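Enquirer: Handing you this structure, nothing more for now.
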Amino acid sequence: MNENDIYREEILEHYRHPQNFGTMKNPTYEAEAIHPLCGDSILLQLKVNPKGVVTQVRFSGSGCAISTASSSIFTEWMLGKTVKKLKTVGTGQIQKLMRAQIGPARLPCMLLSHVVLQKILSADASFVSRD
Amino acid sequence: MNINTVRKEFPIFQKRGAKPLAYFDNAATTQKPKAIIDAMDKFYRVGNAPVHRGVYALAESATEKYENVRDHVKDFIRAKHREEIIFTSGATASINMVVSGLAETFLREGDHILLSDMEHHAMIVPWQAAAKRKKLKLNFIPLTKDGRIDLDVFKKMLAKHKPKFVGVTHVSNVLGTVNPVREMAAAAHKIGAIVLVDAAQSAAHLPIDVRKPDCDFLAFSGHKMYGPNGIGILYGKRKLLEKLPPLMYGGHMIEQVTREKTTYAPLPDKFEGGTPPVAEVIGLGVAISFLQSVGLKTIQKHEEKLTAYALRALKDVPNISLLGPTTAKGRAPVFSFTIAGIHPHDIATLLDREGIAVRAGHHCAQILHENFSLDASVRVSLCFYNTVSEIDRLVSALSAIVKKFQ
Ligand SMILES: Cc1ncc(COP(=O)(O)O)c(C=O)c1O
């Protein structure tokens, strides 16, 4: 099988056993995004220490293999990053992490975790002062 | 035309390859036979002119072709009068015409409207908007576990709510259920309700006769019956259409315009404001000829066999849950299902890789899906050009997907 296949075993394994899946108590920030195509939703929660470093991250909700695996992989990447760094992250980072070709119809599934992160970053002005 | 060779008439299936197209999204739109593509092409090449207005030969000929289709549709659905046939842009437009017309003229605050839980958004959303404007009450007929309407339940709701209007789909676009519209219309008429039958999903599959069931209004789209996009039909009983206000105001639908006021043209022109899509109307006429040359009774029998085969074959897919009736009788070839642990969109994407086109989502029927506690399903909708070997391909592709996800 093509090693850039979105449904390769590595991705499916993230779908079967997603990392950082679940919810946390007292997150510093959280936001929810709804998938425009199928109505699936994702809740992203971040715990950030006073230095602005992400110390814990959780995501929850229902989703397809692509959105679940991408959330799993992206949240793994977020852990230990500074909020400042997160703010510079474009959708290209997810593409790089996922290493997969994907058509326009399913691209939004892959980018859902990025959409919800943008919500957190834009909705909460206190992020700016914490940097 | 022979139903077993009908597939040859469709240019889109002529492309050969390792993974030829298995098109299972016919409930969304059907493919087009060559005869229709050619007829529309020919109209634009040698026949194009505006209808109704021109006095030159080309315009007269276009008008004649356009109006001939109206007679053809009238015969196709066995209407009494040609002016009961209104050309619209599709079933959605037809339903909106009825809903806004009735809401404006016939209905009062507090009046009840009865729809079913399996209605397409094209029936539900216009009524919700009208209900908000006019303070109407919407009631929904619940479904049985196997996705049917229980006539006793329906009759009880008629007695309880005394609805002024009943809107029901002939065939469900998700479950394949063929509803008992004849009995429903008869019961609804007993309490004086107006009945609209949504025939969008039945026009290509079952013979339609607006006298049985006795419909006040009937709506369908050309593109779901092998015809072009952008053309549909509203049938209405003449007496009702005469009282209904137009939806589109403008050219052609008038009798006389002065600074003070406008009087409207008689039927059917009153409802056909603006320049109509002539090529599409001509295409629809050819689509109806095409269906008639195969024969709707023949189509029905053939599709019933396909349905029975698909129902049996799909059972072999591990962890599958099929929505809707489990027997082929009284069922159209539409199959919606879920597979435990695999998202419908993943199934659709993976089937696409095998050249199999299916739909995933709520199929414009969110209330229906809520009935079964689902957000989405995979839908496989067949028609007469689909084959048993395509169904086999589907079943083995689905089984492979289940295995992959294990
Ligand atoms: C039952 C039913 N009603 C109405 C419609 C609306 O048809 P159209 O989109 O062609 O207006 C559809 C098609 O999706 C349908 O399946």
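Chain lettering (A, B, ...) mirrors the order of the structure tokens, residue numbering begins at 1 for each chain separately, and ligand numbering begins at 1 in order of display.
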Counting only C-alpha atoms, which residues from chain A have an atom at most 10 Å from any atom of chain B, and could you show them as a list in words?
Expert: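 Only these qualify: Tyr7, Arg8, Glu9, Leu12, Glu13, Tyr15, Arg16, Leu37, Cys38, Gly39, Asp40, Ser62, Gly63, Cys64, Ala65, Ile66, Gly103, Ala105, Arg106 and Cys109 of chain A.
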Enquirer: Write as a PyMOL selection string the residues around ligand 1, taking 9 Å as the cut-off and counting only C-alpha atoms and all ligand atoms.
Expert: chain B and resi 27-29+89-95+118-123+168-174+198-202+219-224+229-232+363-365
Enquirer: Residues of segment 12-206 of chain B in alpha helix (DSSP H) according to DSSP, as a VMD selection string?
Expert: chain B and resid 34 to 42 57 to 76 91 to 105 121 to 134 151 to 161 181 to 190
Enquirer: Hey, can you check how far atom CA of Asp392 of chain B sits from atom CA of Ile356 of chain B?
Expert: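 Atom CA of Ile356 of chain B lies at a distance of 11.4 Å from atom CA of Asp392 of chain B.
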Enquirer: So that I can check the surroundings of Gly22 of chain A, please list as a PyMOL selection string every protein, DNA and RNA residue that reaches within 12 Å of it, counting only C-alpha atoms and ignoring chain neighbours fewer than 3 positions away.
Expert: chain A and resi 17-19+25+42-46+56-62+68+71-72+75
Enquirer: Quick one: write out the picked residues with N, CA and C atoms as a compact mmCIF listing (two decimals), in the first residue's frame?
Expert:
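out_25.txt, written as the output of this step:
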```txt
# COMPACT_ATOMS: atom_id res chain seq x y z
N HIS A 17 -7.10 3.66 18.36
CA HIS A 17 -6.61 4.03 19.69
C HIS A 17 -6.10 5.46 19.67
N PRO A 18 -7.02 6.42 19.65
CA PRO A 18 -6.58 7.81 19.57
C PRO A 18 -5.82 8.27 20.82
N GLN A 19 -4.75 9.03 20.63
CA GLN A 19 -3.98 9.60 21.74
C GLN A 19 -4.70 10.86 22.23
N LYS A 25 -10.59 17.96 33.46
CA LYS A 25 -11.23 18.95 34.34
C LYS A 25 -10.38 20.21 34.33
N ILE A 42 -15.98 18.18 17.43
CA ILE A 42 -14.78 17.91 18.20
C ILE A 42 -14.63 18.99 19.27
N LEU A 43 -14.32 18.54 20.48
CA LEU A 43 -14.04 19.46 21.58
C LEU A 43 -12.55 19.36 21.86
N LEU A 44 -11.86 20.48 21.86
CA LEU A 44 -10.42 20.50 22.15
C LEU A 44 -10.19 21.27 23.44
N GLN A 45 -9.41 20.66 24.32
CA GLN A 45 -9.11 21.31 25.61
C GLN A 45 -7.60 21.38 25.79
N LEU A 46 -7.13 22.51 26.30
CA LEU A 46 -5.69 22.69 26.54
C LEU A 46 -5.48 23.13 27.98
N GLN A 56 -1.05 19.80 28.96
CA GLN A 56 -1.99 18.69 28.77
C GLN A 56 -2.95 19.05 27.65
N VAL A 57 -3.35 18.07 26.86
CA VAL A 57 -4.29 18.33 25.79
C VAL A 57 -5.23 17.13 25.66
N ARG A 58 -6.50 17.44 25.44
CA ARG A 58 -7.49 16.38 25.27
C ARG A 58 -8.44 16.77 24.13
N PHE A 59 -8.84 15.77 23.39
CA PHE A 59 -9.92 16.03 22.43
C PHE A 59 -10.98 14.96 22.58
N SER A 60 -12.22 15.34 22.24
CA SER A 60 -13.31 14.36 22.33
C SER A 60 -14.35 14.68 21.27
N GLY A 61 -15.30 13.80 21.14
CA GLY A 61 -16.35 13.97 20.13
C GLY A 61 -16.35 12.76 19.21
N SER A 62 -17.27 12.81 18.24
CA SER A 62 -17.34 11.69 17.31
C SER A 62 -16.79 12.14 15.98
N THR A 68 -10.42 11.85 13.34
CA THR A 68 -9.96 11.33 14.63
C THR A 68 -8.45 11.12 14.63
N SER A 71 -6.66 14.45 14.66
CA SER A 71 -6.70 15.07 15.99
C SER A 71 -5.71 14.39 16.92
N SER A 72 -5.65 13.07 16.83
CA SER A 72 -4.74 12.30 17.68
C SER A 72 -3.29 12.73 17.40
N THR A 75 -2.69 16.57 18.30
CA THR A 75 -2.60 16.86 19.74
C THR A 75 -1.29 16.34 20.32
```
Enquirer: Can you list, as a VMD selection string, all residues belonging to chain A that DSSP tags as strand (DSSP E)?
Expert: chain A and resid 29 to 34 41 to 48 54 to 61
Enquirer: Please provide the set of residues having any atom within 10 Å of Glu3 of chain A, restricted to only C-alpha atoms, with same-chain residues fewer than 6 positions apart removed, written as a list in words.
Expert: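 Everything that qualifies: Glu9, Glu10, Arg99, Ala100 and Gln101 of chain A.
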Enquirer: Got time to write the residues from that selection, N, CA, C and O atoms, as an mmCIF file, in the first residue's frame?
Expert:
```
data_model
loop_
_atom_site.group_PDB
_atom_site.id
_atom_site.type_symbol
_atom_site.label_atom_id
_atom_site.label_comp_id
_atom_site.auth_asym_id
_atom_site.auth_seq_id
_atom_site.Cartn_x
_atom_site.Cartn_y
_atom_site.Cartn_z
ATOM 1 N N GLU A 9 -2.145 1.834 7.624
ATOM 2 C CA GLU A 9 -2.303 1.195 8.929
ATOM 3 C C GLU A 9 -1.975 2.141 10.097
ATOM 4 O O GLU A 9 -2.673 2.177 11.110
ATOM 5 N N GLU A 10 -0.930 2.927 9.960
ATOM 6 C CA GLU A 10 -0.531 3.858 11.019
ATOM 7 C C GLU A 10 -1.673 4.821 11.387
ATOM 8 O O GLU A 10 -1.932 5.107 12.556
ATOM 9 N N ARG A 99 1.205 13.215 6.473
ATOM 10 C CA ARG A 99 1.899 12.631 5.320
ATOM 11 C C ARG A 99 0.914 11.899 4.390
ATOM 12 O O ARG A 99 1.101 10.729 4.079
ATOM 13 N N ALA A 100 -0.108 12.611 3.976
ATOM 14 C CA ALA A 100 -1.107 11.907 3.164
ATOM 15 C C ALA A 100 -1.696 12.801 2.098
ATOM 16 O O ALA A 100 -1.848 14.001 2.295
ATOM 17 N N GLN A 101 -2.011 12.172 0.982
ATOM 18 C CA GLN A 101 -2.751 12.859 -0.060
ATOM 19 C C GLN A 101 -4.239 12.721 0.248
ATOM 20 O O GLN A 101 -4.688 11.658 0.631
#
```
Enquirer: Pick from A:Pro108, A:Phe74, A:Glu30, A:Ser41: nearest to Leu121 of chain A, with only C-alpha atoms counted?
Expert: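 Of A:Pro108, A:Phe74, A:Glu30, A:Ser41, the one nearest Leu121 of chain A, counting only C-alpha atoms, is A:Glu30.
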Enquirer: Give me the residues near His189 of chain B as a list in words, where near means some atom within 12 Å (using only C-alpha atoms) and where sequence neighbours in that chain fewer than 5 positions away do not count.
Expert: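 That gives Lys155, Leu158, Ala159, Lys162, Pro163, Lys164, Phe165, Val166, Val181, Arg182, Glu183, Met184, Ile194, Val195, Leu196, Pro213, Asp214, Cys215 and Asp216 of chain B.
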Enquirer: Take the selection from the previous step and output its residues with C-alpha atoms, as a tab-separated table (two decimals), in the first residue's frame.
Expert:
```tsv
chain	number	residue	atom	x	y	z
B	155	LYS	CA	-55.50	8.08	10.93
B	158	LEU	CA	-55.71	13.03	11.34
B	159	ALA	CA	-58.51	12.72	13.87
B	162	LYS	CA	-57.52	17.85	11.89
B	163	PRO	CA	-54.71	19.07	9.62
B	164	LYS	CA	-55.49	21.35	6.71
B	165	PHE	CA	-52.62	19.85	4.75
B	166	VAL	CA	-50.90	16.48	4.50
B	181	VAL	CA	-50.25	7.15	-0.40
B	182	ARG	CA	-53.53	5.95	-1.85
B	183	GLU	CA	-55.01	5.09	1.52
B	184	MET	CA	-53.42	8.13	3.11
B	194	ILE	CA	-55.20	19.10	0.95
B	195	VAL	CA	-52.71	16.39	-0.06
B	196	LEU	CA	-49.31	16.89	-1.66
B	213	PRO	CA	-53.81	8.19	-5.13
B	214	ASP	CA	-56.10	11.13	-5.54
B	215	CYS	CA	-53.48	13.89	-5.18
B	216	ASP	CA	-54.26	17.55	-4.95
```
